[in-house]
Amino acid sequence: MTAGSSGFVAALTVAALASVGVLAYQASADVPSDLGKAHALASASAAAKKAPRDRRHPAALPAASGTGQRVVYSLDDDRVWLVGAGDKVRRTYKVTPGTVDPVPGAYAVTSRSNAVTGTDGTPVEHVVRFAATDGIAIGFSSAVDNSPPSADAPARTGGIRESRADGNAMWRFATIGAAVVVIR
């Protein structure tokens with residue numbers, strides 16, 4: 001590469017970064033004040049109501065739980081479904097909720113952390129956050145030692161605890177922007 005072409009590449013890089021900065025600023029100006037709260041999607045309009053269940057098959061995906069690739073989380077059943085293309089359930093499993101529940105509705109994964117300390121003081125991994133309620137982050141995680149959350153934790157917690165195997169599956173499935181539908 002010559003000195004002239006290096007300068008040209010540098011100028012293009014600076015121009016691209018400046019464009020991204022301007023677009024990011026413009027996008028941030030359009031961010032709704034209720035970001036992180038439930039937004040009703042047409043495909044998840046029934047999320048606030050108790051979604052119909054197949055009583056003969058309690059692990060079956062509830063009707064009216066959205067469409068397309070998504071994570072479905074049932075507050076009443078403490079169960080998660082990882083739903084792939086064509087509404088095919090890839091995995092379903094029981095979870096242990098924290099002390100703070102998300103509001104039923106449709107969300108998107110907003111952040112992820114490979115390893116952190118949970119609000120209950122437990123080292124957790126594969127944290128997938130999708131909501132906030134009363135300033136408390138809500139997300140799925142698994143304890144490194146596979147322990148359940150402490151029932152007498154002094155802090156209000158939004159962690160929805162999974163087994164390590166289920167947490168690994170969630171981590172691979174629910175990347176930033178993935179849909180999460182919370183139902184009753």
# chains A, B, ... in the order shown; residues from 1 in each chain; ligands from 1
>>> residues_around(residues="Pro148 (chain A)", least_positions_apart="4", cutoff="12 Å", atoms="only C-alpha atoms", output="list in words")
Lys94, Val95, Thr96, Pro97, Gly98, Gly118, Asp120, Thr122, Pro123, Val124, Ser141, Ser142, Ala143, Val144, Asp152, Ala153, Gly159, Ile160, Arg161, Glu162, Ser163 and Arg164 of chain A
>>> atom_distance(atom1="CA of Ala60 (chain A)", atom2="CA of Asp166 (chain A)")
17.0 Å
>>> atom_distance(atom1="CA of Pro62 (chain A)", atom2="CA of Thr133 (chain A)")
24.2 Å
>>> residues_around(residues="Arg172 (chain A)", least_positions_apart="6", cutoff="12 Å", atoms="only C-alpha atoms", output="PyMOL selection string")
chain A and resi 71+82+90-91+112+114+126-128+165-166+178
>>> residues_around(residues="Ser111 (chain A)", least_positions_apart="2", cutoff="10 Å", atoms="only C-alpha atoms", output="PyMOL selection string")
chain A and resi 108-109+113+127-131+139+175-177
>>> write_last_selection(atoms="C-alpha atoms", output="mmCIF file, in the first residue's frame")
data_model
loop_
_atom_site.group_PDB
_atom_site.id
_atom_site.type_symbol
_atom_site.label_atom_id
_atom_site.label_comp_id
_atom_site.auth_asym_id
_atom_site.auth_seq_id
_atom_site.Cartn_x
_atom_site.Cartn_y
_atom_site.Cartn_z
ATOM 1 C CA ALA A 108 -36.322 -7.786 22.666
ATOM 2 C CA VAL A 109 -33.047 -8.903 24.217
ATOM 3 C CA SER A 113 -23.227 -10.804 30.015
ATOM 4 C CA VAL A 127 -27.200 -13.540 31.440
ATOM 5 C CA VAL A 128 -29.758 -12.549 28.793
ATOM 6 C CA ARG A 129 -31.587 -9.319 29.759
ATOM 7 C CA PHE A 130 -34.773 -8.178 28.068
ATOM 8 C CA ALA A 131 -36.749 -5.887 30.389
ATOM 9 C CA GLY A 139 -33.315 -11.537 32.448
ATOM 10 C CA THR A 175 -28.790 -12.886 20.935
ATOM 11 C CA ILE A 176 -29.193 -9.095 21.044
ATOM 12 C CA GLY A 177 -32.513 -8.103 19.477
#
>>> atom_distance(atom1="CA of Ala59 (chain A)", atom2="CA of Asp77 (chain A)")
9.3 Å
